[in-house]
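For reference, model_35.txt (compact mmCIF, C-alpha atoms):
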# COMPACT_ATOMS: atom_id res chain seq x y z
CA MET S 1 32.70 19.30 26.94
CA ARG S 2 31.05 20.20 30.22
CA GLU S 3 30.34 17.70 32.96
CA THR S 4 26.57 18.04 32.49
CA ASP S 5 26.94 17.06 28.83
CA HIS S 6 28.70 13.88 29.89
CA ARG S 7 25.86 13.18 32.30
CA ASN S 8 23.28 13.70 29.58
CA GLU S 9 25.15 11.37 27.27
CA ASP S 10 25.28 8.79 30.04
CA LEU S 11 21.50 9.01 30.33
CA ILE S 12 20.72 9.09 26.61
CA GLU S 13 22.98 6.17 25.70
CA PRO S 14 21.24 3.48 27.80
CA ILE S 15 17.84 4.88 26.87
CA SER S 16 18.51 4.76 23.15
CA GLY S 17 19.86 1.24 23.55
CA MET S 18 16.69 0.19 25.35
CA GLU S 19 14.56 1.96 22.75
CA ASN S 20 16.22 0.00 19.95
CA ARG S 21 15.81 -3.24 21.84
CA LEU S 22 12.11 -2.61 22.49
CA GLN S 23 11.45 -1.43 18.93
CA MET S 24 12.99 -4.62 17.57
CA ARG S 25 11.15 -6.98 19.90
CA LEU S 26 7.72 -5.49 20.55
CA THR S 27 6.01 -5.96 17.23
CA PRO S 28 2.27 -5.39 16.77
CA VAL S 29 0.08 -8.46 16.49
CA ARG S 30 -3.13 -8.76 14.52
CA PRO S 31 -6.28 -10.19 16.08
CA ASP S 32 -7.93 -13.24 14.60
CA PRO S 33 -10.07 -11.94 11.67
CA GLU S 34 -12.90 -14.32 12.62
CA PHE S 35 -12.98 -12.84 16.11
CA VAL S 36 -13.02 -9.31 14.68
CA ASP S 37 -15.91 -10.11 12.32
CA ARG S 38 -17.89 -11.97 14.97
CA LEU S 39 -17.57 -9.15 17.46
CA ARG S 40 -18.47 -6.52 14.87
CA LYS S 41 -21.65 -8.41 13.99
CA ARG S 42 -22.62 -8.68 17.66
CA LEU S 43 -21.92 -4.99 18.27
CA THR S 44 -23.83 -3.76 15.25
CA SER S 45 -26.80 -6.13 15.53
CA PRO S 46 -30.06 -5.33 17.42
CA PRO S 47 -29.83 -3.73 20.88
CA ASP S 48 -30.59 -6.89 22.85
CA THR S 49 -27.11 -8.14 22.04
CA MET S 50 -25.46 -4.86 23.03
CA LEU S 51 -25.60 -5.64 26.75
CA GLU S 52 -22.23 -6.05 28.38
CA PRO S 53 -21.62 -9.58 29.63
CA PRO S 54 -22.01 -9.85 33.41
CA THR S 55 -18.81 -9.22 35.32
CA GLY S 56 -17.68 -10.65 38.64
CA PHE S 57 -18.84 -7.47 40.35
CA PHE S 58 -22.27 -7.80 38.78
CA ASN S 59 -22.50 -11.41 39.95
CA ILE S 60 -21.71 -10.40 43.53
CA PHE S 61 -24.52 -7.83 43.42
CA LEU S 62 -26.85 -10.42 41.94
CA VAL S 63 -26.11 -12.93 44.73
CA LEU S 64 -26.46 -10.24 47.41
CA GLY S 65 -29.79 -9.18 45.92
CA ILE S 66 -31.10 -12.73 45.84
CA VAL S 67 -29.98 -13.42 49.43
CA SER S 68 -31.46 -10.13 50.73
CA GLY S 69 -34.72 -10.75 48.88
CA SER S 70 -34.95 -14.29 50.24
CA VAL S 71 -34.34 -13.13 53.83
CA LEU S 72 -36.97 -10.40 53.45
CA ALA S 73 -39.51 -12.81 51.97
CA LEU S 74 -38.85 -15.37 54.72
CA THR S 75 -39.26 -12.72 57.43
CA LEU S 76 -42.57 -11.58 55.95
CA VAL S 77 -43.88 -15.15 55.71
CA LEU S 78 -42.87 -15.89 59.32
CA ARG S 79 -44.55 -12.71 60.54
CA LEU S 80 -47.68 -13.61 58.61
CA ILE S 81 -47.73 -17.09 60.17
CA ILE S 82 -47.24 -15.64 63.67
CA LEU S 83 -50.03 -13.13 63.02
CA ILE S 84 -52.42 -15.85 61.88
CA LEU S 85 -51.55 -18.08 64.83
CA ASP S 86 -52.00 -15.13 67.16
CA GLU S 87 -55.42 -14.40 65.65
CA LEU S 88 -56.35 -18.03 66.12
CA GLY S 89 -55.44 -17.66 69.76
CA VAL S 90 -52.57 -20.08 69.79
CA PHE S 91 -50.45 -17.79 71.93
CA HIS S 92 -53.24 -16.17 74.02
CA PRO S 93 -56.34 -18.45 74.10
CA LYS S 94 -59.45 -16.26 74.19
CA ASP S 95 -61.61 -18.80 76.02
CA HIS S 96 -59.11 -19.23 78.78
CA GLN S 97 -60.17 -17.27 81.86
CA GLU S 98 -58.59 -17.03 85.24
CA PRO S 99 -60.75 -18.62 87.98
CA LEU S 100 -62.45 -16.11 90.21
CA ALA S 101 -60.88 -15.76 93.61
CA PHE S 102 -63.18 -15.85 96.55
CA MET W 1 -18.83 5.17 5.63
CA LEU W 2 -15.23 4.33 6.52
CA GLU W 3 -14.10 7.80 5.43
CA ILE W 4 -16.04 9.68 8.10
CA ASN W 5 -14.04 11.17 10.94
CA ASP W 6 -14.29 10.08 14.56
CA GLU W 7 -16.34 13.08 15.61
CA THR W 8 -19.05 12.49 13.02
CA ALA W 9 -19.05 8.76 13.66
CA LEU W 10 -19.38 9.40 17.38
CA GLU W 11 -22.32 11.75 16.92
CA GLU W 12 -24.10 9.22 14.78
CA ALA W 13 -23.20 6.31 17.07
CA ALA W 14 -24.53 8.24 20.06
CA GLN W 15 -27.84 8.61 18.20
CA GLY W 16 -28.03 4.84 17.87
CA ASN W 17 -26.45 4.38 14.46
CA ALA W 18 -24.89 0.92 14.76
CA ASP W 19 -23.02 1.26 11.47
CA ALA W 20 -21.28 4.38 12.75
CA PHE W 21 -20.18 2.51 15.83
CA GLY W 22 -19.02 -0.27 13.52
CA VAL W 23 -16.74 2.23 11.78
CA LEU W 24 -15.17 3.24 15.07
CA TYR W 25 -14.84 -0.38 16.04
CA GLU W 26 -13.02 -1.28 12.82
CA ARG W 27 -10.74 1.69 13.29
CA TYR W 28 -9.62 0.84 16.82
CA VAL W 29 -10.13 -2.88 17.43
CA GLY W 30 -6.58 -3.76 16.35
CA ARG W 31 -4.92 -1.21 18.60
CA ILE W 32 -7.01 -2.12 21.63
CA TYR W 33 -6.43 -5.81 21.02
CA ASN W 34 -2.68 -5.23 20.79
CA TYR W 35 -2.63 -3.29 24.02
CA ILE W 36 -4.58 -5.96 25.89
CA TYR W 37 -2.66 -8.80 24.30
CA TYR W 38 0.67 -7.47 25.53
CA ARG W 39 -0.74 -6.73 28.98
CA THR W 40 -2.30 -10.18 29.45
CA GLY W 41 0.03 -12.37 27.41
CA ASN W 42 -2.50 -14.62 25.72
CA PRO W 43 -4.94 -14.30 22.81
CA TYR W 44 -7.96 -15.74 24.60
CA ASP W 45 -8.02 -13.18 27.39
CA ALA W 46 -7.13 -10.51 24.85
CA GLU W 47 -10.23 -11.39 22.81
CA ASP W 48 -12.46 -11.57 25.87
CA LEU W 49 -11.30 -8.22 27.25
CA THR W 50 -11.36 -6.56 23.82
CA SER W 51 -15.00 -7.62 23.52
CA ARG W 52 -15.75 -6.11 26.92
CA VAL W 53 -14.06 -2.84 25.99
CA PHE W 54 -16.27 -2.40 22.94
CA TYR W 55 -19.44 -3.56 24.68
CA ARG W 56 -18.80 -1.02 27.40
CA ALA W 57 -17.99 1.68 24.86
CA SER W 58 -21.18 0.99 22.90
CA SER W 59 -23.37 1.04 25.99
CA HIS W 60 -21.79 4.25 27.36
CA ILE W 61 -21.20 6.10 24.10
CA GLN W 62 -23.53 8.94 25.06
CA GLN W 63 -21.64 9.56 28.28
CA TYR W 64 -18.35 9.77 26.41
CA ARG W 65 -19.24 12.92 24.50
CA ASN W 66 -18.70 15.27 27.42
CA MET W 67 -15.41 13.85 28.63
CA GLY W 68 -13.12 15.99 26.49
CA VAL W 69 -10.63 13.27 25.51
CA PRO W 70 -10.23 11.60 22.11
CA PHE W 71 -12.31 8.50 21.55
CA SER W 72 -9.16 6.37 21.27
CA ALA W 73 -7.95 7.63 24.67
CA TRP W 74 -11.32 6.76 26.18
CA LEU W 75 -11.10 3.22 24.75
CA TYR W 76 -7.58 2.79 26.11
CA ARG W 77 -8.74 3.92 29.55
CA ILE W 78 -11.54 1.37 29.52
CA ALA W 79 -9.04 -1.29 28.40
CA HIS W 80 -6.58 -0.28 31.12
CA ASN W 81 -9.25 -0.57 33.82
CA LEU W 82 -10.45 -3.94 32.56
CA VAL W 83 -6.88 -5.26 32.40
CA ALA W 84 -6.28 -4.03 35.96
CA ASN W 85 -9.39 -5.92 37.11
CA TRP W 86 -8.24 -8.96 35.17
CA HIS W 87 -4.84 -8.90 36.88
CA ARG W 88 -6.52 -8.49 40.26
CA ASP W 89 -8.86 -11.43 39.60
CA ASN W 90 -6.01 -13.58 38.31
CA SER W 91 -3.40 -12.55 40.87
CA ARG W 92 -3.51 -15.99 42.48
CA HIS W 93 -2.87 -17.74 39.21
CA GLN W 94 0.60 -17.91 37.74
CA GLU W 95 0.81 -16.18 34.40
CA VAL W 96 1.61 -18.33 31.40
CA PRO W 97 4.84 -17.13 29.76
CA LEU W 98 4.22 -15.91 26.24
CA GLU W 99 6.49 -18.53 24.73
CA ASP W 100 4.71 -21.44 26.41
CA ASP W 101 1.45 -19.80 25.57
CA TYR W 102 2.23 -20.05 21.87
CA GLN W 103 3.05 -23.73 22.21
CA LEU W 104 -0.10 -24.45 24.18
CA GLN W 105 -2.56 -22.18 22.45
CA HIS W 106 -1.32 -22.03 18.90
CA ARG W 107 -4.16 -21.45 16.46
CA SER W 108 -3.89 -21.32 12.73
CA GLU W 109 -6.15 -18.24 12.67
CA HIS W 110 -3.44 -16.15 14.30
CA PRO W 111 -0.58 -16.22 11.80
CA GLU W 112 0.67 -12.75 12.75
CA MET W 113 0.74 -13.72 16.41
CA LYS W 114 3.27 -16.46 15.81
CA LEU W 115 6.16 -14.35 17.01
CA GLU W 116 9.42 -16.14 16.79
CA ARG W 117 10.07 -18.02 20.01
CA ASN W 118 13.04 -16.36 21.35
CA GLU W 119 14.59 -16.23 24.75
CA GLU W 120 15.23 -12.54 24.66
CA LEU W 121 11.62 -11.72 23.89
CA GLU W 122 10.40 -13.88 26.73
CA MET W 123 12.86 -12.33 29.15
CA LEU W 124 11.95 -8.85 27.97
CA LEU W 125 8.22 -9.41 28.37
CA ASN W 126 8.62 -11.04 31.76
CA THR W 127 10.68 -8.07 32.93
CA ILE W 128 8.17 -5.58 31.53
CA ARG W 129 5.30 -7.37 33.31
CA LYS W 130 7.09 -6.93 36.63
CA LEU W 131 6.97 -3.14 36.24
CA PRO W 132 4.13 -1.12 37.80
CA ALA W 133 0.96 -1.09 35.68
CA ASP W 134 1.36 2.52 34.52
CA ARG W 135 4.88 1.81 33.25
CA GLN W 136 3.75 -1.31 31.40
CA GLN W 137 1.00 0.77 29.86
CA LEU W 138 3.49 3.43 28.79
CA ILE W 139 5.85 0.94 27.12
CA ILE W 140 3.06 -0.74 25.18
CA LEU W 141 1.51 2.53 24.06
CA LYS W 142 4.89 3.81 22.91
CA PHE W 143 6.40 0.71 21.30
CA VAL W 144 3.44 -1.40 20.19
CA ASP W 145 0.89 1.28 19.36
CA HIS W 146 3.52 3.91 18.45
CA LEU W 147 1.74 6.79 20.16
CA SER W 148 3.29 10.18 20.83
CA ASN W 149 3.90 11.48 24.36
CA ALA W 150 0.92 13.82 23.95
CA GLU W 151 -1.38 10.94 22.99
CA VAL W 152 -0.06 8.80 25.83
CA GLY W 153 -0.64 11.73 28.18
CA GLN W 154 -4.30 11.95 27.14
CA ILE W 155 -4.77 8.27 27.82
CA MET W 156 -2.92 8.25 31.14
CA GLY W 157 -4.28 11.59 32.33
CA ARG W 158 -0.79 13.15 32.61
CA SER W 159 0.96 16.06 31.00
CA GLU W 160 3.28 15.52 28.08
CA GLY W 161 6.26 16.45 30.29
CA ALA W 162 5.22 13.96 32.95
CA VAL W 163 4.97 11.24 30.32
CA LYS W 164 8.42 12.09 29.01
CA SER W 165 9.88 11.94 32.49
CA LEU W 166 8.16 8.66 33.28
CA TYR W 167 9.35 7.28 29.95
CA HIS W 168 13.01 7.99 30.75
CA ARG W 169 12.72 6.58 34.26
CA THR W 170 10.94 3.49 32.95
CA LEU W 171 13.57 2.72 30.33
CA LEU W 172 16.37 3.16 32.86
CA THR W 173 14.60 0.88 35.33
CA LEU W 174 13.93 -1.65 32.62
CA ARG W 175 17.58 -1.61 31.59
CA GLU W 176 18.70 -2.18 35.17
CA ASP W 177 16.20 -5.00 35.66
CA LEU W 178 17.31 -6.67 32.43
CA GLU W 179 20.95 -6.40 33.47
CA LYS W 180 20.11 -8.08 36.78
CA THR W 181 18.24 -10.82 34.91
CA ASP W 182 21.15 -11.24 32.49
CA SER W 183 23.67 -11.54 35.32
CA THR W 184 21.57 -14.06 37.27
CA GLY W 185 20.40 -16.00 34.22
Take the structure in this file and express it as structure tokens.
Amino acid sequence: MRETDHRNEDLIEPISGMENRLQMRLTPVRPDPEFVDRLRKRLTSPPDTMLEPPTGFFNIFLVLGIVSGSVLALTLVLRLIILILDELGVFHPKDHQEPLAF
Amino acid sequence: MLEINDETALEEAAQGNADAFGVLYERYVGRIYNYIYYRTGNPYDAEDLTSRVFYRASSHIQQYRNMGVPFSAWLYRIAHNLVANWHRDNSRHQEVPLEDDYQLQHRSEHPEMKLERNEELEMLLNTIRKLPADRQQLIILKFVDHLSNAEVGQIMGRSEGAVKSLYHRTLLTLREDLEKTDSTG
């Protein structure tokens, strides 16, 4: 027997041993039948229940959207207030005139 | 309805036929659940992630049709990605060993999941879960779902030869890791 054959046997032996061990131990499990039925009903019922539940990523986007929207709304309100106050002459009174210099 | 093949069911499901999607669901829910169950180690997360896999599949079924991989492979890829996210999100939490999990979360509805509590199984699963994600995936697809190298290749996006090579390396690594565990334990 050639040396390479010995090497191959050395490789195959531990692999077949591991295969047997895994085949014996890793047995398929069956999901809870109630869970399977419940999910099937939700999946095959009207489209409004077909939406994927929000994920963590979705929640981050949602929070970012709310924060950005709030900041934008606040900025617009502040600008509106400043504009109104400016129109009312709070910052530059229209009736205020510099005395004439003689 | 159950007799229709995947291709026909997919065409009908893509056109909004919920019953056709139901057929596909019935056909694959067990396999996807098994995969996720062995990757996460507990039935609650397995149920939650299995639900997400099928929700995602149902909402993206029209996009699937041009991907050129079997429907089952597509489902496994979704499951793999969701499990990866789950591990990332739970990386700070210590995983519950499967054996303890059975004691804590035993439910009468899961008779087949009452695997005999056995030290070797626990050690084996703990060692498998320390392997890189792609190797864990390979072991579960081969030994739990009994897929061929070609089918595993379609799911993992590798050639059959690459799967075979990874398979040999994985089993050798696993054997070495188990020997180390045996000698220290």
(message) Measuring between all atoms listed in the file, which one of S:Arg30, S:Arg38, S:Arg21, S:Arg79 shows the shortest distance to chain W?
(response) S:Arg30
(message) So that I can see what lies close to Ile139 of chain W, please list as a ChimeraX atom specification the residues with an atom at most 9 Å from it, counting only C-alpha atoms and leaving out residues fewer than 5 positions away in the same chain.
(response) /S:22 /W:128,134,144,167,170-171
(request) With a cut-off of 7 Å and counting all atoms listed in the file, select all residues of chain W in contact with chain S and give the selection as a PyMOL selection string. (result) chain W and resi 18-19+22+30+33-34+51-52+55-56+59+109-110+112-113+121+143-144+168+171-172+175
Include C-alpha atoms and write out the residues we just selected as a compact mmCIF listing (two decimals), in the coordinates of the input.
# COMPACT_ATOMS: atom_id res chain seq x y z
CA ALA W 18 -24.89 0.92 14.76
CA ASP W 19 -23.02 1.26 11.47
CA GLY W 22 -19.02 -0.27 13.52
CA GLY W 30 -6.58 -3.76 16.35
CA TYR W 33 -6.43 -5.81 21.02
CA ASN W 34 -2.68 -5.23 20.79
CA SER W 51 -15.00 -7.62 23.52
CA ARG W 52 -15.75 -6.11 26.92
CA TYR W 55 -19.44 -3.56 24.68
CA ARG W 56 -18.80 -1.02 27.40
CA SER W 59 -23.37 1.04 25.99
CA GLU W 109 -6.15 -18.24 12.67
CA HIS W 110 -3.44 -16.15 14.30
CA GLU W 112 0.67 -12.75 12.75
CA MET W 113 0.74 -13.72 16.41
CA LEU W 121 11.62 -11.72 23.89
CA PHE W 143 6.40 0.71 21.30
CA VAL W 144 3.44 -1.40 20.19
CA HIS W 168 13.01 7.99 30.75
CA LEU W 171 13.57 2.72 30.33
CA LEU W 172 16.37 3.16 32.86
CA ARG W 175 17.58 -1.61 31.59
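From atom CA of Ala46 of chain W back to atom CA of Ile32 of chain W, the distance works out to 9.0 Å.
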(request) Can you work out the spacing between atom CA of Gln137 of chain W and atom CA of Thr50 of chain W in Å, to one decimal? (result) 15.6 Å
(request) Would you please work out which residue, of W:Leu131, W:Val29, W:Lys142, W:Glu179, is nearest to Val53 of chain W when using all atoms listed in the file? (result)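 Distance minimum relative to Val53 of chain W lands on W:Val29.
What separates atom CA of Leu49 of chain W from atom CA of Trp86 of chain W is a distance of 8.5 Å.
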(message) Here is a test: counting all atoms listed in the file, which residue of W:Leu141, W:Leu24, W:Ala162, W:Leu124 is nearest to Tyr76 of chain W?
(response) W:Leu141
(request) Pick out the closest residue to Asp182 of chain W from this set: W:Gly153, W:Lys130, W:Met123, W:Glu160. Count only C-alpha atoms. (result) W:Met123
(request) Please provide the set of residues having any atom within 8 Å of Ala150 of chain W, restricted to all atoms listed in the file, with same-chain residues fewer than 4 positions apart removed, written as a list in words. (result)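 Result of the neighbour search: Gln154, Ser159, Glu160 and Val163 of chain W.
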(message) For a quick check of understanding, using all atoms listed in the file, which of W:Arg88, W:Ile4, W:Leu82, W:Asn17 has the smallest distance to Asp48 of chain W?
(response) W:Leu82
(message) as number ranges by chain, please: the residues near Ile155 of chain W (cut-off 8 Å, all atoms listed in the file, same-chain neighbours under 3 positions excluded).
(response) W: 73-74, 76-77, 151-152, 158
(message) I'd like to know which of W:Tyr28, W:Gly41, W:His60, W:Ile78 is closest to Gly16 of chain W, using all atoms listed in the file.
(response) W:His60
Can you patch up segment 152-169 of chain W, filling it in to N, CA, C and O atoms, and show the result as an mmCIF file, in the frame of the given file?
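New file selection.cif:
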data_model
loop_
_atom_site.group_PDB
_atom_site.id
_atom_site.type_symbol
_atom_site.label_atom_id
_atom_site.label_comp_id
_atom_site.auth_asym_id
_atom_site.auth_seq_id
_atom_site.Cartn_x
_atom_site.Cartn_y
_atom_site.Cartn_z
ATOM 1 N N VAL W 152 -0.165 9.624 24.627
ATOM 2 C CA VAL W 152 -0.060 8.800 25.830
ATOM 3 C C VAL W 152 -0.554 9.589 27.041
ATOM 4 O O VAL W 152 -1.257 9.056 27.903
ATOM 5 N N GLY W 153 -0.210 10.865 27.080
ATOM 6 C CA GLY W 153 -0.640 11.730 28.180
ATOM 7 C C GLY W 153 -2.159 11.813 28.278
ATOM 8 O O GLY W 153 -2.720 11.797 29.374
ATOM 9 N N GLN W 154 -2.825 11.892 27.131
ATOM 10 C CA GLN W 154 -4.300 11.950 27.140
ATOM 11 C C GLN W 154 -4.899 10.655 27.680
ATOM 12 O O GLN W 154 -5.891 10.671 28.388
ATOM 13 N N ILE W 155 -4.262 9.556 27.345
ATOM 14 C CA ILE W 155 -4.770 8.270 27.820
ATOM 15 C C ILE W 155 -4.509 8.099 29.312
ATOM 16 O O ILE W 155 -5.375 7.655 30.060
ATOM 17 N N MET W 156 -3.313 8.478 29.752
ATOM 18 C CA MET W 156 -2.920 8.250 31.140
ATOM 19 C C MET W 156 -3.332 9.381 32.075
ATOM 20 O O MET W 156 -3.127 9.294 33.287
ATOM 21 N N GLY W 157 -3.865 10.453 31.504
ATOM 22 C CA GLY W 157 -4.280 11.590 32.330
ATOM 23 C C GLY W 157 -3.091 12.336 32.913
ATOM 24 O O GLY W 157 -3.144 12.796 34.054
ATOM 25 N N ARG W 158 -1.998 12.431 32.154
ATOM 26 C CA ARG W 158 -0.790 13.150 32.610
ATOM 27 C C ARG W 158 -0.380 14.157 31.556
ATOM 28 O O ARG W 158 -0.771 14.045 30.394
ATOM 29 N N SER W 159 0.461 15.087 31.968
ATOM 30 C CA SER W 159 0.960 16.060 31.000
ATOM 31 C C SER W 159 2.021 15.398 30.119
ATOM 32 O O SER W 159 2.570 14.346 30.470
ATOM 33 N N GLU W 160 2.286 16.053 29.002
ATOM 34 C CA GLU W 160 3.280 15.520 28.080
ATOM 35 C C GLU W 160 4.655 15.413 28.767
ATOM 36 O O GLU W 160 5.392 14.442 28.585
ATOM 37 N N GLY W 161 4.986 16.440 29.564
ATOM 38 C CA GLY W 161 6.260 16.450 30.290
ATOM 39 C C GLY W 161 6.346 15.307 31.288
ATOM 40 O O GLY W 161 7.404 14.666 31.429
ATOM 41 N N ALA W 162 5.236 15.051 31.966
ATOM 42 C CA ALA W 162 5.220 13.960 32.950
ATOM 43 C C ALA W 162 5.404 12.613 32.266
ATOM 44 O O ALA W 162 6.088 11.726 32.791
ATOM 45 N N VAL W 163 4.823 12.485 31.086
ATOM 46 C CA VAL W 163 4.970 11.240 30.320
ATOM 47 C C VAL W 163 6.433 11.055 29.905
ATOM 48 O O VAL W 163 6.999 9.968 30.025
ATOM 49 N N LYS W 164 7.032 12.148 29.453
ATOM 50 C CA LYS W 164 8.420 12.090 29.010
ATOM 51 C C LYS W 164 9.342 11.673 30.158
ATOM 52 O O LYS W 164 10.224 10.831 29.999
ATOM 53 N N SER W 165 9.086 12.257 31.317
ATOM 54 C CA SER W 165 9.880 11.940 32.490
ATOM 55 C C SER W 165 9.692 10.472 32.898
ATOM 56 O O SER W 165 10.662 9.755 33.167
ATOM 57 N N LEU W 166 8.452 10.045 32.912
ATOM 58 C CA LEU W 166 8.160 8.660 33.280
ATOM 59 C C LEU W 166 8.788 7.696 32.272
ATOM 60 O O LEU W 166 9.292 6.633 32.639
ATOM 61 N N TYR W 167 8.775 8.097 31.016
ATOM 62 C CA TYR W 167 9.350 7.280 29.950
ATOM 63 C C TYR W 167 10.850 7.046 30.188
ATOM 64 O O TYR W 167 11.327 5.910 30.140
ATOM 65 N N HIS W 168 11.566 8.115 30.492
ATOM 66 C CA HIS W 168 13.010 7.990 30.750
ATOM 67 C C HIS W 168 13.272 7.109 31.968
ATOM 68 O O HIS W 168 14.122 6.226 31.932
ATOM 69 N N ARG W 169 12.520 7.358 33.027
ATOM 70 C CA ARG W 169 12.720 6.580 34.260
ATOM 71 C C ARG W 169 12.389 5.101 34.008
ATOM 72 O O ARG W 169 13.072 4.208 34.506
#
